[in-house]
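Colleague: This is the content of coords_10.txt (compact mmCIF, C-alpha atoms):
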# COMPACT_ATOMS: atom_id res chain seq x y z
CA MET A 215 -33.70 100.82 120.91
CA ALA A 216 -30.92 98.48 121.94
CA THR A 217 -29.19 95.31 120.88
CA LEU A 218 -30.68 92.15 122.38
CA ASN A 219 -28.57 90.37 124.96
CA SER A 220 -31.12 89.16 127.53
CA ASN A 221 -31.59 85.49 128.41
CA LYS A 222 -35.41 85.71 128.51
CA VAL A 223 -36.09 83.34 125.61
CA PHE A 224 -39.02 81.01 125.06
CA LEU A 225 -38.01 77.46 124.22
CA SER A 226 -40.21 74.39 124.18
CA PHE A 227 -39.56 70.80 123.14
CA ASN A 228 -42.59 68.75 122.19
CA GLY A 229 -44.85 71.22 123.99
CA ILE A 230 -42.78 71.15 127.19
CA ASN A 231 -41.51 74.55 128.23
CA VAL A 232 -37.77 74.28 128.91
CA SER A 233 -37.11 78.04 128.94
CA GLY A 234 -36.18 77.94 132.62
CA PHE A 235 -33.53 75.26 132.08
CA PHE A 236 -31.84 76.33 128.85
CA THR A 237 -28.27 77.54 129.09
CA LYS A 238 -27.55 77.79 125.37
CA PHE A 239 -29.52 77.54 122.14
CA ASN A 240 -28.06 77.72 118.66
CA MET A 241 -30.06 77.41 115.46
CA SER A 242 -28.15 77.20 112.19
CA PRO A 243 -30.16 77.37 108.98
CA THR A 244 -28.10 76.78 105.85
CA ALA A 245 -28.70 76.73 102.12
CA GLU A 246 -26.91 74.75 99.45
CA SER A 247 -25.81 76.43 96.27
CA VAL A 248 -26.24 74.96 92.80
CA GLU A 249 -23.92 75.97 90.00
CA ILE A 250 -25.88 77.07 86.94
CA THR A 251 -23.06 78.46 84.80
CA ALA A 252 -24.10 78.02 81.20
CA GLY A 253 -24.40 79.62 77.80
CA SER A 254 -22.09 82.46 76.86
CA GLU A 255 -20.62 83.08 80.35
CA THR A 256 -16.80 83.13 80.05
CA THR A 257 -15.48 84.81 83.20
CA ASP A 258 -17.59 84.00 86.28
CA LYS A 259 -19.45 81.01 87.62
CA GLN A 260 -23.13 81.46 88.34
CA TYR A 261 -25.04 79.95 91.25
CA ALA A 262 -28.63 79.57 92.37
CA PRO A 263 -30.03 78.67 95.78
CA GLY A 264 -30.41 74.95 96.42
CA LEU A 265 -32.18 73.16 99.27
CA ASN A 266 -32.28 74.56 102.79
CA ASP A 267 -31.35 72.68 105.95
CA THR A 268 -31.44 73.54 109.66
CA LYS A 269 -29.42 72.17 112.51
CA ALA A 270 -29.68 73.25 116.13
CA THR A 271 -27.96 72.65 119.41
CA ALA A 272 -29.36 73.25 122.87
CA SER A 273 -27.86 72.98 126.32
CA ILE A 274 -30.43 72.11 128.96
CA ALA A 275 -29.61 72.13 132.66
CA TYR A 276 -30.40 69.07 134.78
CA ASP A 277 -32.97 70.47 137.23
CA VAL A 278 -33.43 68.00 140.07
CA THR A 279 -37.07 68.94 140.54
CA SER A 280 -38.21 69.05 136.91
CA VAL A 281 -35.87 66.76 134.95
CA SER A 282 -38.50 64.03 134.68
CA THR A 283 -40.78 66.41 132.77
CA TYR A 284 -38.36 66.91 129.88
CA LEU A 285 -35.83 64.06 130.00
CA SER A 286 -37.84 61.81 127.69
CA THR A 287 -37.80 64.46 124.95
CA LEU A 288 -34.00 64.27 124.85
CA LYS A 289 -33.95 60.61 123.82
CA VAL A 290 -31.95 60.12 120.62
CA GLY A 291 -34.04 59.41 117.56
CA THR A 292 -37.05 61.22 119.00
CA THR A 293 -38.72 63.75 116.71
CA PHE A 294 -40.63 66.70 118.11
CA GLU A 295 -41.62 70.27 117.50
CA VAL A 296 -39.30 73.00 118.77
CA ILE A 297 -40.80 76.41 119.44
CA TYR A 298 -38.35 79.25 119.89
CA GLY A 299 -39.08 82.85 120.79
CA SER A 300 -36.00 85.03 120.76
CA GLU A 301 -37.64 87.61 123.07
CA GLY A 302 -39.95 85.23 124.91
CA ALA A 303 -43.55 84.41 123.95
CA VAL A 304 -44.50 88.03 123.35
CA SER A 305 -47.06 89.10 120.76
CA GLY A 306 -45.39 90.62 117.71
CA LYS A 307 -41.94 89.28 118.58
CA PRO A 308 -40.06 86.69 116.46
CA LYS A 309 -41.27 83.09 116.65
CA HIS A 310 -39.86 79.97 115.05
CA VAL A 311 -41.54 76.57 114.90
CA GLN A 312 -39.85 73.56 113.31
CA SER A 313 -39.73 69.82 113.76
CA PHE A 314 -36.37 68.39 114.80
CA MET A 315 -34.88 64.97 115.46
CA VAL A 316 -32.54 64.38 118.42
CA MET A 317 -29.19 63.22 117.08
CA SER A 318 -27.32 63.09 120.41
CA ALA A 319 -27.79 64.25 123.98
CA PRO A 320 -24.61 63.72 125.99
CA HIS A 321 -24.15 64.98 129.50
CA GLU A 322 -21.05 65.05 131.63
CA ARG A 323 -20.36 64.69 135.33
CA THR A 324 -17.22 66.10 136.88
CA VAL A 325 -15.57 65.60 140.21
CA ASN A 326 -15.51 69.39 140.52
CA LYS A 327 -19.30 69.41 140.98
CA ASP A 328 -20.00 71.56 137.92
CA ALA A 329 -23.61 72.11 136.86
CA VAL A 330 -24.88 69.08 134.93
CA ILE A 331 -26.00 70.03 131.43
CA PHE A 332 -27.49 68.02 128.54
CA ASP A 333 -25.97 69.14 125.22
CA VAL A 334 -28.58 68.26 122.61
CA ASP A 335 -27.82 68.02 118.88
CA LEU A 336 -30.88 68.52 116.66
CA GLN A 337 -31.49 67.97 112.95
CA ALA A 338 -34.52 69.53 111.26
CA THR A 339 -36.86 67.00 109.68
CA GLY A 340 -38.37 69.51 107.26
CA ALA A 341 -39.18 73.14 106.62
CA PRO A 342 -40.27 75.36 109.52
CA THR A 343 -44.01 75.82 109.94
CA VAL A 344 -43.36 79.26 111.40
CA ASP A 345 -40.12 80.80 110.18
CA MET A 346 -38.83 83.78 112.12
CA PHE A 347 -36.46 84.56 109.26
CA ALA A 348 -39.49 84.88 107.01
CA GLY A 349 -41.27 87.21 109.43
CA GLY A 350 -42.89 84.68 111.79
CA VAL A 351 -44.10 86.32 115.00
CA TRP A 352 -46.16 85.46 118.07
CA ALA A 353 -49.88 86.12 117.64
CA MET B 299 -33.06 87.33 151.77
CA SER B 300 -29.70 87.54 150.02
CA ALA B 301 -27.57 84.49 149.30
CA ILE B 302 -24.98 85.61 151.84
CA SER B 303 -27.60 86.15 154.52
CA SER B 304 -29.08 82.67 153.94
CA LEU B 305 -25.64 81.10 153.91
CA TYR B 306 -24.47 82.83 157.08
CA THR B 307 -27.61 81.76 158.93
CA ALA B 308 -27.26 78.15 157.74
CA VAL B 309 -23.58 77.87 158.61
CA PHE B 310 -23.96 79.57 161.97
CA ASP B 311 -26.85 77.31 162.97
CA ALA B 312 -24.97 74.20 161.81
CA ILE B 313 -21.72 74.75 163.72
CA ARG B 314 -22.79 76.72 166.78
CA GLY B 315 -22.70 73.51 168.84
CA VAL B 316 -18.94 73.17 168.26
CA GLY B 317 -18.07 76.27 170.30
CA LEU B 318 -18.14 80.05 170.16
CA VAL B 319 -18.92 81.16 166.60
CA TYR B 320 -18.62 84.63 165.09
CA ALA B 321 -19.63 85.84 161.65
CA ASP B 322 -17.21 88.12 159.76
CA TYR B 323 -15.07 89.09 162.75
CA ALA B 324 -14.61 88.29 166.43
CA PRO B 325 -14.61 91.01 169.09
CA GLN B 326 -11.18 91.98 170.36
CA ASN B 327 -11.75 90.37 173.76
CA ALA B 328 -13.22 87.13 172.40
CA MET B 329 -12.31 84.11 174.50
CA ARG B 330 -10.24 81.57 172.60
CA PRO B 331 -10.81 79.06 171.19
CA TYR B 332 -13.50 80.36 168.88
CA ILE B 333 -14.64 79.94 165.28
CA VAL B 334 -14.95 82.81 162.86
CA PHE B 335 -16.27 82.57 159.30
CA TYR B 336 -16.40 85.14 156.54
CA PHE B 337 -17.15 85.64 152.84
CA THR B 338 -13.99 85.33 150.77
CA SER B 339 -15.14 85.53 147.14
CA GLY B 340 -17.85 84.54 144.68
CA GLY B 341 -21.15 85.57 143.15
CA ASN B 342 -23.61 84.63 140.42
CA THR B 343 -22.07 81.99 138.14
CA ARG B 344 -24.54 82.75 135.30
CA GLU B 345 -24.39 79.04 134.40
CA VAL B 346 -28.18 78.74 134.38
CA VAL B 347 -31.18 81.05 134.10
CA ASN B 348 -31.68 81.08 137.88
CA ASN B 349 -29.41 83.05 140.17
CA ARG B 350 -26.79 80.39 140.96
CA GLN B 351 -24.10 81.48 143.37
CA ARG B 352 -20.70 79.92 143.86
CA ILE B 353 -19.29 81.33 147.09
CA VAL B 354 -16.02 80.71 148.86
CA LEU B 355 -16.45 80.93 152.63
CA THR B 356 -13.52 80.77 155.00
CA VAL B 357 -14.18 79.06 158.33
CA LYS B 358 -11.38 78.88 160.86
CA CYS B 359 -10.69 78.22 164.50
CA VAL B 360 -8.56 80.65 166.48
CA ALA B 361 -6.90 79.00 169.46
CA ASP B 362 -3.94 79.34 171.82
CA ASN B 363 -2.36 76.07 170.76
CA VAL B 364 -2.19 74.19 167.51
CA SER B 365 -3.68 70.98 168.85
CA GLU B 366 -6.81 72.71 170.11
CA ALA B 367 -7.13 74.58 166.81
CA HIS B 368 -6.95 71.37 164.78
CA THR B 369 -9.43 69.57 167.02
CA MET B 370 -12.02 72.32 166.65
CA ALA B 371 -11.39 72.65 162.90
CA SER B 372 -11.93 68.92 162.50
CA ALA B 373 -15.17 69.20 164.45
CA PHE B 374 -16.72 71.90 162.26
CA ASN B 375 -15.35 70.30 159.11
CA ALA B 376 -17.17 67.07 159.98
CA ILE B 377 -20.39 69.07 159.93
CA LEU B 378 -19.75 71.27 156.88
CA GLU B 379 -17.93 69.13 154.32
CA ASP B 380 -20.25 67.62 151.70
CA ALA B 381 -23.28 68.72 153.76
CA GLY B 382 -25.28 70.39 150.95
CA GLY B 383 -28.79 69.41 149.93
CA GLN B 384 -27.46 67.19 147.10
CA GLU B 385 -24.97 65.56 149.49
CA THR B 386 -25.70 64.55 153.09
CA GLY B 387 -28.48 67.15 153.20
CA VAL B 388 -27.57 68.47 156.66
CA ILE B 389 -27.32 72.04 155.33
CA ASP B 390 -29.82 72.49 152.52
CA GLY B 391 -30.76 76.18 152.71
CA ASP B 392 -34.08 77.84 153.38
CA SER B 393 -37.28 78.81 151.58
CA GLN B 394 -35.46 81.17 149.21
CA TRP B 395 -32.08 79.54 148.56
CA VAL B 396 -31.17 75.89 148.19
CA ILE B 397 -27.60 75.02 149.16
CA THR B 398 -26.70 72.22 146.74
CA THR B 399 -23.08 71.42 147.61
CA ILE B 400 -20.44 72.36 150.18
CA THR B 401 -16.91 71.39 149.20
CA GLN B 402 -13.72 71.78 151.15
CA ASN B 403 -11.53 73.81 148.83
CA GLY B 404 -8.45 75.15 150.61
CA THR B 405 -6.66 74.92 153.92
CA VAL B 406 -6.04 77.68 156.44
CA HIS B 407 -3.08 77.23 158.77
CA TYR B 408 -0.96 80.02 160.17
CA PRO B 409 0.37 81.31 163.48
CA GLU B 410 -0.32 84.89 164.49
CA TYR B 411 2.37 86.66 166.47
CA ASP B 412 1.43 89.65 168.57
CA SER B 413 2.83 90.89 171.87
CA MET B 414 2.57 87.38 173.31
CA ILE B 415 5.54 85.06 173.14
CA VAL B 416 3.31 82.07 172.32
CA PRO B 417 1.59 82.39 168.95
CA ILE B 418 -2.14 82.21 168.36
CA TYR B 419 -3.09 79.58 165.80
CA HIS B 420 -5.58 80.01 162.95
CA VAL B 421 -6.65 76.66 161.51
CA GLY B 422 -9.53 75.89 159.20
CA PHE B 423 -10.69 75.60 155.62
CA GLU B 424 -12.10 77.45 152.65
CA TYR B 425 -15.36 75.96 151.44
CA GLU B 426 -16.80 76.36 147.95
CA ILE B 427 -20.55 76.53 148.34
CA VAL B 428 -23.00 76.35 145.46
CA MET B 429 -26.49 77.67 146.09
CA GLU B 430 -29.40 78.47 143.81
CA GLU B 431 -32.32 80.85 144.25
CA ILE B 432 -35.65 79.05 144.43
Just dump the structure as structure tokens.
Modeller:
Amino acid sequence: MATLNSNKVFLSFNGINVSGFFTKFNMSPTAESVEITAGSETTDKQYAPGLNDTKATASIAYDVTSVSTYLSTLKVGTTFEVIYGSEGAVSGKPKHVQSFMVMSAPHERTVNKDAVIFDVDLQATGAPTVDMFAGGVWA
Amino acid sequence: MSAISSLYTAVFDAIRGVGLVYADYAPQNAMRPYIVFYFTSGGNTREVVNNRQRIVLTVKCVADNVSEAHTMASAFNAILEDAGGQETGVIDGDSQWVITTITQNGTVHYPEYDSMIVPIYHVGFEYEIVMEEI
């Protein structure tokens, strides 16, 4: 038993495996709260869960051999399915599947010859079809 | 093959035509002028999933006069600078490591005084080399 810190994730965009090119992936599910204070309550506000939302960011390295296989998925406005496996695509391990829209995909070149990375901003277009937070795992 | 081994082979093969070349150190009785190169610093950058190394390699000429030292340093610099696979492509690695870029980073220039009255000159450059395991 140990805390996870490996970089052996599974990540695919629109069915294209980009696990070998990812340098960072961040998925941020959030929930709104709705105030429901009513009736005889006199001291504390009351809240109930509202609608959920998910945003994600990914940093994908520019691989000179394979960039043409995934570059088109990074086009802004494109919507596709993201599949994420926090411990790879291993049976019984967490799996998350959700459709996202590309909001931005900037990349930067520097005179210092740093690695070229696409920083992709993603907005979920709906609820996950497989939710790792709800117990979704690889078959 | 390790990154250092691949790099040493590539650099040695590239500049051996300039003159006498030694890796890591020259023997005590080495005839000057000669070139010596050696690992200075670096390792896995952990920027990407692959093993991506950023290595600083010092390459210098050791000669009996400053003019000769500069001439030889210019000669090997013309071969090494910006010679990676994503640059001129002259030095692009082997079947296990791709050398992407070779960048002149620092300058080496100092006289060495020993028992001789005339100093021995060390002139050359530090190169930052980025290479990635295939």
Colleague: Find the residues around Ile302 of chain B up to 10 Å (all atoms listed in the file counted), leave out those fewer than 6 positions away in its own chain, and share them as a PyMOL selection string.
Modeller: chain B and resi 308+336-337+341+351+353+355+395+429
Colleague: So, counting all atoms listed in the file, which residue among A:Leu288, A:Val223, A:Ala245, A:Ala353 is closest to chain B?
Modeller: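 Comparing A:Leu288, A:Val223, A:Ala245, A:Ala353 against chain B, the winner is A:Val223.
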Colleague: Residues of chain B near chain A: apply a cut-off of 10 Å, count all atoms listed in the file, and supply the list as a ChimeraX atom specification.
Modeller: /B:344-348,350,384,398-401,428
Colleague: For segment 322-338 of chain B, what centre and edge lengths in Å (one decimal) does the axis-aligned box get once 4 Å is added on each side of all its listed atoms, as AutoDock Vina command-line options?
Modeller:
--center_x -13.7 --center_y 85.5 --center_z 162.6 --size_x 15.0 --size_y 20.9 --size_z 31.7
Colleague: Could you check the closest approach to Val357 of chain B for each of B:Gly404, B:Gly382, B:Gly387, B:Pro409 and tell me which residue wins, using all atoms listed in the file?
Modeller: B:Gly404
Colleague: Could you please determine the separation between atom CA of Thr271 of chain A and atom CA of Ser220 of chain A in Å, to one decimal place?
Modeller: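 Interatomic distance here is 18.7 Å.
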